[in-house]
Each structure stands twice: as structure tokens, then as C-alpha cells.
Amino acid sequence: MKSPQERAEPSTSRRRRLLRRRIFNADPHAAVLKHHFAHFQIQSSENQKETESSVATPPAPGQPSKVVFRRAGSTPGDHRWPCFPRASRGGRKPPAWASAPLNARPWQLTVARPSVSAFWCLTKVSFSLLWGPHPAALKLDLEEKLFGQHLATEVILKALTGFKNNRNPKKPLTLSLHGWAGTGKNFVSQMVAEHLHPRGLKSHFVHLYVSTLHFPHEQKIKLYQDQLQKWIHGNVSRCASSVFIFDEMDKLHPGIIDAIKPFLDYYEQVDGVSYRRAIFIFLSNAGGDIITRTALDFWRAGRKREEVQLKDLEAVLSVGVFNNKHSGLWHSGLIDRNLIDYFVPFLPLEYRHVQMCVRAELRARGAAVDEDVVARVAQEMTFFPKDEKIYSDKGCKTVQSRLDFY
């Protein structure tokens, strides 16, 4: 016989029903989820194996993703909706709680190529809408793992928290990260991706484009523009909260990035797809000279680098990038139309910041922090300007490889 406490606790099936009801009825964004789930159809499969879409393969645009369920042997109209069933690989049976109560035959899940990503994206979005983002965790990571970048920490945390808390954003969030190599731009983009999607860059919802790899030929700009539009359209069709990272923007041929301008603008939908919950991050070395010059002026004036504020750099940085033919944003409509929400400057790293990077790398390898090794690795780095030797010319980029010799 069950105790009074056990009887008072809701059963597993009841908890699942309550969760489903909470997501579809209590949340203000339930209509969005209902709209997507309305596209799901019932489809039979006993032997077909589930396949997942690959990030490396550009998705086919235009078609809504479909996750479909059917009892074995049932007709298309004979179906019921189980409560949040998980995908079963290789035609195996789903969990027992997903079985149809009125029919002993098991439910089978068949997923078209883009469908699994869509299903998990929608499920993940529903949970994020219920419990919201976790700015404290992101803030802790930025403060503990990103060294010497008080501006980037402040701006990125404010931008992401505000965007995720906004129930009805008017446009996608667009960040442009600028600074010399080794200052932490790629590191921050990976950190942001991991906080938005647990698998980070391995997630089907995070897409990395490298200019020298994906767009190498200047004579194929028109082709790249068409491909880029199709890739983004297809990925956002599958997951509205997709993240797009463009690395080496300073090596991108002028005009290519303007192909995504309609997706970053203040449109409710473009070709039937809303891009308002997507995030775009640009990484560029362009503007590094402007940032370094400002930081150096503060140092020569006897002021701390922590006194540098965003207003000291953002305006001059946007103008400098707009007029730089090698920035990837030269005379770009993204800047002209004010579609980039934040220009995030990454300051050059000093000797003490390189030491912090060495200590962090030693801890990551599970080794004891030897201050002698820390000093020797930091001293091997080269610094500029020639007379003052304040800033590391490679930031922390070569710390890992140099530590291999110790």
C-alpha cells in the first residue's frame, strides 16, 4: 500500500501531461510552437532508420521540417499525439510511456532528413521559453575564462541577456567582434554557442562559416551570395533560434555579406520565415589598429585600460570598418542601415593577461600551476610597440603550442 506522501505525488504520466499543458497553454509563445507542431504529419515506418541533418550539408530551403508519428499498421488519419516522445534510433521502439493507450501496437518515429533537428530545436526552445536564459552562468564563464576584455564581457552579456529576455524581438541579434588575433573573439563565440545550444559548435543549430574556406574565389561572389541565402533560409526554417558565426570577416570579399541583409532587417517574415530569434556573429581582425591606438592613448595618459568605455570605440570602429576595403563590411548595407546591433572591441592583451592564459591552460590540462613555467612561456611572446613593449602581438593564440615544450 502506498504511503500518503506517495499518493500525493503526481504520477510520471501526470507530470508529463502537466508539462505539456504548461508549454502549450501557459506560455505566451505557445502559439509559435503550436504553429510549428501543426506541420507535423503522421507517417508509418517499421524499418526506416532515422537520419539526422549534417551541419556540413546545406539544407534544402522552403520546406517545413516534419516530425511524424503513427502506430504500426495504422492509416494516415488514425493517430494520436503522444506526450513529448523521444526519437528512437534504427526503428527501435520508443519508451513505453509513448505507446498508444488504445492500441497495443507500438508507435514508430520516422523523420525526414531535416526533421530531427526541427523537433529537438522546438523542444529546446519550449524549455528556454519556460525557464529563460541563465545570464549568471554566462557571466561567470566570461569573467573567469576571458582575460583582459572588460568591454566584451559587459557588452556581450548585456546583448544576449536582453535579446533572450525579449519575448518579441524586432530583428535578429547581430554582433560584430573586432580585434587582433589571439584576443578571444573565437573563444567568446564558442562560449556563446555553448550557452545557447549545449553542444556548441557541434550542434545542428550552430553554423560556422570561414571566409577562406567557404568563399575563397572572388569571381564567384554571385554564387556565394545565392548559396549563403539558401543555407541561412534552410537552417532558420528548421530552427528559429539558429546561431550563425562568420569567421575571418576581414578576408571576405566585399559584397558577399550583403546577401543576408534582408534576414537581419526589421521584417516580420522573409519568404514565410521569421528570422527574429536567430543570432549572427561576425569575427574580424579589421579595426584592430583603431582599438590598439585607443588603448595605447589611455596607457600613455596614465589611465587604466578598465577605464576604456564602449562609447570611446564603437562609433570610430564602425566608421573605420565601413571604410576599410579589407574588412568584409566595406560600404556594407549592414552598417549603412544600422543592422549591426553592437560593435564589440577586443583590447590587445598585456603581459599579465598572457600569464593568466598560461595558468588557465595548465589547469585545463590537469597540471599544477608552475609560476616558473608561466613566466618562461609569457617571456617567449613578442610585444609591441617597439619601445614600450606593452601588448602581445599574438595575444594568447600560441600559448597552447608553446606549453607543449614544457
# chains A, B, ... in the order shown; residues from 1 in each chain; ligands from 1

$ residues_around --residues "Ile290 in chain A" --least-positions-apart "5" --cutoff "12 Å" --atoms "only C-alpha atoms" --output "list of chain:residue names"
A:His178, A:Gly179, A:Trp180, A:Asn285, A:Ala295, A:Leu296, A:Asp297, A:Asp312, A:Leu313, A:Glu314, A:Ala315, A:Val316, A:Leu317, A:Ser318, A:Val319, A:Gly320, A:Val321, A:Asn324, A:Pro345, A:Phe346, A:Leu347, A:Pro348

$ closest_residue --among "A:Val243, A:Val192, A:Val399, A:Leu339" --to "Arg277 in chain A" --atoms "only C-alpha atoms"
A:Val243

$ residues_around --residues "Val358 in chain A" --least-positions-apart "2" --cutoff "9 Å" --atoms "only C-alpha atoms" --output "ChimeraX atom specification"
/A:353-356,360-363,369,373-375,377-378,396,399-400,403

$ write_last_selection --atoms "C-alpha atoms" --output "mmCIF file, in the first residue's frame"
data_model
loop_
_atom_site.group_PDB
_atom_site.id
_atom_site.type_symbol
_atom_site.label_atom_id
_atom_site.label_comp_id
_atom_site.auth_asym_id
_atom_site.auth_seq_id
_atom_site.Cartn_x
_atom_site.Cartn_y
_atom_site.Cartn_z
ATOM 1 C CA HIS A 353 46.939 38.638 -19.395
ATOM 2 C CA VAL A 354 49.257 36.230 -21.212
ATOM 3 C CA GLN A 355 50.275 34.864 -17.811
ATOM 4 C CA MET A 356 46.590 34.336 -16.974
ATOM 5 C CA ALA A 360 44.293 28.640 -17.312
ATOM 6 C CA GLU A 361 45.788 26.275 -19.899
ATOM 7 C CA LEU A 362 47.808 24.446 -17.245
ATOM 8 C CA ARG A 363 44.682 23.947 -15.144
ATOM 9 C CA VAL A 369 50.455 25.750 -11.966
ATOM 10 C CA VAL A 373 56.757 27.862 -16.467
ATOM 11 C CA VAL A 374 54.178 30.653 -16.585
ATOM 12 C CA ALA A 375 56.916 33.312 -16.633
ATOM 13 C CA VAL A 377 56.122 30.998 -21.651
ATOM 14 C CA ALA A 378 54.995 34.618 -21.279
ATOM 15 C CA CYS A 396 47.190 34.174 -26.267
ATOM 16 C CA VAL A 399 50.096 29.658 -25.608
ATOM 17 C CA GLN A 400 48.892 26.069 -26.134
ATOM 18 C CA LEU A 403 53.263 24.879 -23.430
#

$ atom_distance --atom1 "CA of Ile340 in chain A" --atom2 "CA of Ser392 in chain A"
28.7 Å

$ residues_around --residues "Leu140 in chain A" --least-positions-apart "5" --cutoff "12 Å" --atoms "only C-alpha atoms" --output "number ranges by chain"
A: 134-135, 145-146, 153-154, 157, 191, 195

$ select_by_dssp --residues "range 152-207 of chain A" --states "alpha helix (DSSP H)" --output "PyMOL selection string"
chain A and resi 152-165+185-196

$ select_by_dssp --residues "range 266-354 of chain A" --states "strand (DSSP E or B)" --output "list in words"
Val270, Val273, Ile279, Phe280, Ile281, Phe282, Leu283, Ser284, Tyr342, Phe343, Val344, Pro345 and Glu350 of chain A

$ atom_distance --atom1 "CA of Asn186 in chain A" --atom2 "CA of Met381 in chain A"
20.1 Å

$ residues_around --residues "Arg337 in chain A" --least-positions-apart "5" --cutoff "12 Å" --atoms "only C-alpha atoms" --output "number ranges by chain"
A: 258, 261-262, 264-266, 322, 331-332

$ write_last_selection --atoms "all heavy atoms" --output "compact mmCIF listing (two decimals), in the first residue's frame"
# COMPACT_ATOMS: atom_id res chain seq x y z
N ASP A 258 26.42 41.21 -47.81
CA ASP A 258 25.17 41.96 -48.03
C ASP A 258 24.03 41.06 -48.50
O ASP A 258 22.87 41.47 -48.50
CB ASP A 258 25.39 43.07 -49.05
CG ASP A 258 26.03 44.32 -48.43
OD1 ASP A 258 26.13 44.34 -47.18
OD2 ASP A 258 26.41 45.24 -49.17
N LYS A 261 21.44 40.66 -45.83
CA LYS A 261 20.83 41.88 -45.32
C LYS A 261 19.33 41.74 -45.08
O LYS A 261 18.83 42.17 -44.02
CB LYS A 261 21.10 43.04 -46.27
CG LYS A 261 20.44 44.36 -45.87
CD LYS A 261 20.76 45.45 -46.89
CE LYS A 261 19.91 46.68 -46.65
NZ LYS A 261 18.48 46.44 -46.93
N PRO A 262 18.54 41.14 -45.99
CA PRO A 262 17.09 41.00 -45.71
C PRO A 262 16.79 40.21 -44.45
O PRO A 262 15.79 40.46 -43.78
CB PRO A 262 16.57 40.28 -46.97
CG PRO A 262 17.57 40.55 -48.02
CD PRO A 262 18.88 40.62 -47.32
N LEU A 264 18.55 40.23 -41.69
CA LEU A 264 18.92 40.99 -40.49
C LEU A 264 18.04 42.22 -40.29
O LEU A 264 18.15 42.89 -39.27
CB LEU A 264 20.39 41.44 -40.58
CG LEU A 264 21.43 40.36 -40.82
CD1 LEU A 264 22.83 40.95 -40.72
CD2 LEU A 264 21.29 39.22 -39.84
N ASP A 265 17.20 42.51 -41.26
CA ASP A 265 16.40 43.73 -41.21
C ASP A 265 15.15 43.55 -40.35
O ASP A 265 14.88 42.46 -39.84
CB ASP A 265 16.01 44.16 -42.63
CG ASP A 265 16.01 45.66 -42.79
OD1 ASP A 265 15.68 46.36 -41.81
OD2 ASP A 265 16.34 46.15 -43.89
N TYR A 266 14.39 44.62 -40.24
CA TYR A 266 13.21 44.64 -39.36
C TYR A 266 11.97 44.11 -40.08
O TYR A 266 10.96 44.77 -40.15
CB TYR A 266 12.94 46.07 -38.87
CG TYR A 266 14.00 46.60 -37.94
CD1 TYR A 266 15.18 47.13 -38.43
CD2 TYR A 266 13.83 46.57 -36.55
CE1 TYR A 266 16.16 47.63 -37.58
CE2 TYR A 266 14.80 47.06 -35.69
CZ TYR A 266 15.96 47.59 -36.22
OH TYR A 266 16.93 48.08 -35.38
N PHE A 322 33.63 50.38 -41.94
CA PHE A 322 32.83 50.71 -43.12
C PHE A 322 33.72 51.20 -44.26
O PHE A 322 33.45 50.93 -45.44
CB PHE A 322 31.80 51.78 -42.75
CG PHE A 322 30.87 52.17 -43.86
CD1 PHE A 322 29.80 51.35 -44.20
CD2 PHE A 322 31.06 53.34 -44.58
CE1 PHE A 322 28.94 51.69 -45.23
CE2 PHE A 322 30.20 53.70 -45.60
CZ PHE A 322 29.13 52.87 -45.92
N HIS A 331 31.63 49.50 -47.14
CA HIS A 331 30.42 50.12 -47.72
C HIS A 331 29.22 49.17 -47.66
O HIS A 331 28.39 49.16 -48.58
CB HIS A 331 30.68 50.56 -49.16
CG HIS A 331 31.61 51.73 -49.25
ND1 HIS A 331 31.93 52.34 -50.45
CD2 HIS A 331 32.30 52.42 -48.30
CE1 HIS A 331 32.76 53.34 -50.22
NE2 HIS A 331 33.01 53.42 -48.91
N SER A 332 29.16 48.40 -46.62
CA SER A 332 28.09 47.40 -46.49
C SER A 332 26.79 48.04 -46.06
O SER A 332 26.76 48.95 -45.21
CB SER A 332 28.51 46.33 -45.48
OG SER A 332 27.44 45.46 -45.19

$ closest_residue --among "A:Cys357, A:Ala137, A:Leu208, A:Val270" --to "Gly184 in chain A" --atoms "only C-alpha atoms"
A:Cys357

$ residues_around --residues "Arg276 in chain A" --least-positions-apart "6" --cutoff "6 Å" --atoms "only C-alpha atoms" --output "VMD selection string"
chain A and resid 169 171 to 172

$ atom_distance --atom1 "CA of Ile281 in chain A" --atom2 "CA of Pro198 in chain A"
17.6 Å

$ closest_residue --among "A:Trp231, A:Phe205, A:Phe282, A:Phe246" --to "Asp341 in chain A" --atoms "only C-alpha atoms"
A:Phe282

$ residues_around --residues "Phe263 in chain A" --least-positions-apart "3" --cutoff "12 Å" --atoms "only C-alpha atoms" --output "PyMOL selection string"
chain A and resi 170-174+228-233+236+240+244+257-260+266-280+334+339-340

$ write_last_selection --atoms "N, CA, C and O atoms" --output "tab-separated table (two decimals), in the first residue's frame"
chain	number	residue	atom	x	y	z
A	170	LYS	N	12.38	42.48	-32.57
A	170	LYS	CA	12.01	43.06	-33.86
A	170	LYS	C	12.96	42.65	-34.97
A	170	LYS	O	12.64	42.81	-36.14
A	171	LYS	N	14.12	42.15	-34.61
A	171	LYS	CA	15.11	41.73	-35.60
A	171	LYS	C	16.06	40.72	-34.95
A	171	LYS	O	16.09	40.61	-33.72
A	172	PRO	N	16.85	39.99	-35.73
A	172	PRO	CA	17.84	39.10	-35.14
A	172	PRO	C	18.91	39.90	-34.40
A	172	PRO	O	19.12	41.08	-34.67
A	173	LEU	N	19.57	39.24	-33.46
A	173	LEU	CA	20.69	39.87	-32.77
A	173	LEU	C	21.93	39.73	-33.64
A	173	LEU	O	22.27	38.62	-34.08
A	174	THR	N	22.61	40.85	-33.90
A	174	THR	CA	23.80	40.85	-34.75
A	174	THR	C	24.95	41.50	-34.01
A	174	THR	O	24.87	42.67	-33.63
A	228	LEU	N	24.63	31.35	-49.76
A	228	LEU	CA	24.50	31.84	-48.39
A	228	LEU	C	23.04	32.09	-48.03
A	228	LEU	O	22.59	31.73	-46.92
A	229	GLN	N	22.29	32.67	-48.93
A	229	GLN	CA	20.87	32.89	-48.68
A	229	GLN	C	20.13	31.57	-48.49
A	229	GLN	O	19.28	31.45	-47.59
A	230	LYS	N	20.44	30.59	-49.32
A	230	LYS	CA	19.76	29.30	-49.22
A	230	LYS	C	20.13	28.59	-47.92
A	230	LYS	O	19.27	27.99	-47.26
A	231	TRP	N	21.40	28.64	-47.53
A	231	TRP	CA	21.82	27.98	-46.30
A	231	TRP	C	21.12	28.58	-45.09
A	231	TRP	O	20.61	27.86	-44.23
A	232	ILE	N	21.13	29.90	-45.02
A	232	ILE	CA	20.52	30.55	-43.86
A	232	ILE	C	19.02	30.35	-43.85
A	232	ILE	O	18.42	30.05	-42.80
A	233	HIS	N	18.38	30.48	-45.00
A	233	HIS	CA	16.94	30.27	-45.09
A	233	HIS	C	16.57	28.86	-44.65
A	233	HIS	O	15.64	28.65	-43.87
A	236	VAL	N	17.26	28.34	-40.69
A	236	VAL	CA	16.29	29.03	-39.84
A	236	VAL	C	14.91	28.42	-40.01
A	236	VAL	O	14.10	28.43	-39.07
A	240	ALA	N	14.39	28.23	-35.50
A	240	ALA	CA	14.32	29.69	-35.47
A	240	ALA	C	15.43	30.30	-34.63
A	240	ALA	O	15.84	31.44	-34.87
A	244	PHE	N	24.60	31.79	-36.27
A	244	PHE	CA	25.48	31.82	-37.44
A	244	PHE	C	26.74	32.62	-37.07
A	244	PHE	O	26.65	33.77	-36.66
A	257	ILE	N	28.58	39.53	-47.90
A	257	ILE	CA	27.79	39.55	-46.67
A	257	ILE	C	26.48	40.32	-46.84
A	257	ILE	O	25.52	40.10	-46.09
A	258	ASP	N	26.42	41.21	-47.81
A	258	ASP	CA	25.17	41.96	-48.03
A	258	ASP	C	24.03	41.06	-48.50
A	258	ASP	O	22.87	41.47	-48.50
A	259	ALA	N	24.36	39.83	-48.90
A	259	ALA	CA	23.32	38.89	-49.33
A	259	ALA	C	22.38	38.55	-48.19
A	259	ALA	O	21.21	38.21	-48.41
A	260	ILE	N	22.85	38.66	-46.94
A	260	ILE	CA	22.00	38.29	-45.80
A	260	ILE	C	21.30	39.52	-45.21
A	260	ILE	O	20.62	39.40	-44.18
A	266	TYR	N	14.39	44.62	-40.24
A	266	TYR	CA	13.21	44.64	-39.36
A	266	TYR	C	11.97	44.11	-40.08
A	266	TYR	O	10.96	44.77	-40.15
A	267	TYR	N	12.08	42.90	-40.63
A	267	TYR	CA	10.95	42.28	-41.30
A	267	TYR	C	10.35	41.20	-40.40
A	267	TYR	O	11.08	40.45	-39.75
A	268	GLU	N	9.03	41.12	-40.40
A	268	GLU	CA	8.39	40.08	-39.61
A	268	GLU	C	8.67	38.70	-40.19
A	268	GLU	O	8.95	37.75	-39.47
A	269	GLN	N	8.64	38.62	-41.52
A	269	GLN	CA	8.96	37.37	-42.21
A	269	GLN	C	9.61	37.69	-43.55
A	269	GLN	O	9.35	38.74	-44.15
A	270	VAL	N	10.45	36.77	-44.02
A	270	VAL	CA	11.02	36.84	-45.36
A	270	VAL	C	10.78	35.50	-46.02
A	270	VAL	O	11.26	34.46	-45.54
A	271	ASP	N	9.99	35.49	-47.08
A	271	ASP	CA	9.61	34.25	-47.77
A	271	ASP	C	8.99	33.25	-46.80
A	271	ASP	O	9.27	32.04	-46.84
A	272	GLY	N	8.14	33.76	-45.91
A	272	GLY	CA	7.40	32.90	-45.00
A	272	GLY	C	8.17	32.43	-43.79
A	272	GLY	O	7.67	31.59	-43.02
A	273	VAL	N	9.38	32.93	-43.58
A	273	VAL	CA	10.21	32.51	-42.45
A	273	VAL	C	10.57	33.73	-41.61
A	273	VAL	O	10.97	34.77	-42.15
A	274	SER	N	10.44	33.61	-40.30
A	274	SER	CA	10.84	34.67	-39.38
A	274	SER	C	12.26	34.42	-38.90
A	274	SER	O	12.59	33.33	-38.45
A	275	TYR	N	13.09	35.46	-39.00
A	275	TYR	CA	14.49	35.35	-38.59
A	275	TYR	C	14.75	36.09	-37.28
A	275	TYR	O	15.91	36.25	-36.88
A	276	ARG	N	13.71	36.50	-36.61
A	276	ARG	CA	13.86	37.41	-35.47
A	276	ARG	C	14.49	36.77	-34.24
A	276	ARG	O	14.94	37.48	-33.35
A	277	ARG	N	14.53	35.46	-34.16
A	277	ARG	CA	15.11	34.79	-32.99
A	277	ARG	C	16.50	34.23	-33.30
A	277	ARG	O	17.13	33.59	-32.43
A	278	ALA	N	17.00	34.47	-34.51
A	278	ALA	CA	18.33	33.99	-34.88
A	278	ALA	C	19.40	34.96	-34.36
A	278	ALA	O	19.11	36.11	-34.01
A	279	ILE	N	20.64	34.47	-34.29
A	279	ILE	CA	21.76	35.29	-33.83
A	279	ILE	C	22.88	35.18	-34.85
A	279	ILE	O	23.25	34.07	-35.28
A	280	PHE	N	23.43	36.32	-35.24
A	280	PHE	CA	24.53	36.39	-36.20
A	280	PHE	C	25.74	37.02	-35.51
A	280	PHE	O	25.62	38.08	-34.89
A	334	LEU	N	24.76	46.61	-44.22
A	334	LEU	CA	24.52	46.21	-42.84
A	334	LEU	C	24.88	47.34	-41.88
A	334	LEU	O	24.20	47.56	-40.88
A	339	LEU	N	22.12	47.77	-39.04
A	339	LEU	CA	21.61	46.44	-38.75
A	339	LEU	C	22.53	45.65	-37.81
A	339	LEU	O	22.15	44.58	-37.35
A	340	ILE	N	23.73	46.16	-37.56
A	340	ILE	CA	24.63	45.53	-36.60
A	340	ILE	C	24.37	46.16	-35.24
A	340	ILE	O	24.56	47.36	-35.06

$ decode --residues "range 210-245 of chain A" --atoms "N, CA and C atoms" --output "short mmCIF file (atom, residue, chain, number, x, y, z; two decimals), in the first residue's frame"
data_model
loop_
_atom_site.label_atom_id
_atom_site.label_comp_id
_atom_site.auth_asym_id
_atom_site.auth_seq_id
_atom_site.Cartn_x
_atom_site.Cartn_y
_atom_site.Cartn_z
N VAL A 210 33.69 30.03 -42.55
CA VAL A 210 35.03 30.60 -42.60
C VAL A 210 35.25 31.15 -44.00
N SER A 211 35.58 32.42 -44.07
CA SER A 211 35.65 33.10 -45.37
C SER A 211 36.60 32.41 -46.34
N THR A 212 37.81 32.07 -45.87
CA THR A 212 38.80 31.47 -46.76
C THR A 212 38.45 30.05 -47.16
N LEU A 213 37.55 29.42 -46.44
CA LEU A 213 37.14 28.04 -46.75
C LEU A 213 35.86 27.99 -47.57
N HIS A 214 34.85 28.75 -47.18
CA HIS A 214 33.55 28.68 -47.85
C HIS A 214 33.39 29.67 -48.99
N PHE A 215 34.15 30.77 -48.97
CA PHE A 215 34.00 31.80 -50.01
C PHE A 215 35.37 32.23 -50.53
N PRO A 216 36.15 31.31 -51.11
CA PRO A 216 37.55 31.64 -51.45
C PRO A 216 37.74 32.44 -52.73
N HIS A 217 36.83 32.32 -53.71
CA HIS A 217 37.09 32.87 -55.04
C HIS A 217 36.29 34.15 -55.29
N GLU A 218 37.02 35.19 -55.66
CA GLU A 218 36.38 36.49 -55.88
C GLU A 218 35.44 36.48 -57.08
N GLN A 219 35.74 35.67 -58.07
CA GLN A 219 34.92 35.64 -59.29
C GLN A 219 33.61 34.89 -59.10
N LYS A 220 33.40 34.28 -57.93
CA LYS A 220 32.18 33.53 -57.68
C LYS A 220 31.29 34.19 -56.63
N ILE A 221 31.37 35.50 -56.52
CA ILE A 221 30.63 36.22 -55.50
C ILE A 221 29.13 36.00 -55.63
N LYS A 222 28.61 36.04 -56.84
CA LYS A 222 27.16 35.87 -57.05
C LYS A 222 26.72 34.48 -56.60
N LEU A 223 27.52 33.47 -56.92
CA LEU A 223 27.20 32.10 -56.50
C LEU A 223 27.20 32.00 -54.97
N TYR A 224 28.22 32.60 -54.33
CA TYR A 224 28.29 32.56 -52.88
C TYR A 224 27.10 33.26 -52.23
N GLN A 225 26.68 34.36 -52.82
CA GLN A 225 25.53 35.08 -52.28
C GLN A 225 24.27 34.21 -52.32
N ASP A 226 24.06 33.54 -53.46
CA ASP A 226 22.89 32.67 -53.58
C ASP A 226 22.97 31.50 -52.59
N GLN A 227 24.15 30.89 -52.47
CA GLN A 227 24.32 29.77 -51.55
C GLN A 227 24.09 30.20 -50.11
N LEU A 228 24.63 31.35 -49.76
CA LEU A 228 24.50 31.84 -48.39
C LEU A 228 23.04 32.09 -48.03
N GLN A 229 22.29 32.67 -48.93
CA GLN A 229 20.87 32.89 -48.68
C GLN A 229 20.13 31.57 -48.49
N LYS A 230 20.44 30.59 -49.32
CA LYS A 230 19.76 29.30 -49.22
C LYS A 230 20.13 28.59 -47.92
N TRP A 231 21.40 28.64 -47.53
CA TRP A 231 21.82 27.98 -46.30
C TRP A 231 21.12 28.58 -45.09
N ILE A 232 21.13 29.90 -45.02
CA ILE A 232 20.52 30.55 -43.86
C ILE A 232 19.02 30.35 -43.85
N HIS A 233 18.38 30.48 -45.00
CA HIS A 233 16.94 30.27 -45.09
C HIS A 233 16.57 28.86 -44.65
N GLY A 234 17.32 27.88 -45.13
CA GLY A 234 17.03 26.49 -44.79
C GLY A 234 17.24 26.19 -43.31
N ASN A 235 18.32 26.70 -42.74
CA ASN A 235 18.62 26.42 -41.33
C ASN A 235 17.64 27.11 -40.40
N VAL A 236 17.26 28.34 -40.69
CA VAL A 236 16.29 29.03 -39.84
C VAL A 236 14.91 28.42 -40.01
N SER A 237 14.60 27.88 -41.19
CA SER A 237 13.33 27.17 -41.38
C SER A 237 13.25 25.99 -40.44
N ARG A 238 14.38 25.35 -40.18
CA ARG A 238 14.40 24.19 -39.28
C ARG A 238 14.47 24.59 -37.82
N CYS A 239 15.16 25.68 -37.53
CA CYS A 239 15.32 26.09 -36.13
C CYS A 239 15.40 27.61 -36.07
N ALA A 240 14.39 28.23 -35.50
CA ALA A 240 14.32 29.69 -35.47
C ALA A 240 15.43 30.30 -34.63
N SER A 241 15.95 29.56 -33.64
CA SER A 241 17.00 30.10 -32.76
C SER A 241 18.39 29.70 -33.22
N SER A 242 18.58 29.53 -34.51
CA SER A 242 19.88 29.16 -35.06
C SER A 242 20.90 30.26 -34.79
N VAL A 243 22.17 29.84 -34.68
CA VAL A 243 23.29 30.77 -34.49
C VAL A 243 24.22 30.65 -35.69
N PHE A 244 24.60 31.79 -36.27
CA PHE A 244 25.48 31.82 -37.44
C PHE A 244 26.74 32.62 -37.07
N ILE A 245 27.89 31.98 -37.24
CA ILE A 245 29.17 32.62 -36.92
C ILE A 245 29.98 32.75 -38.21
#
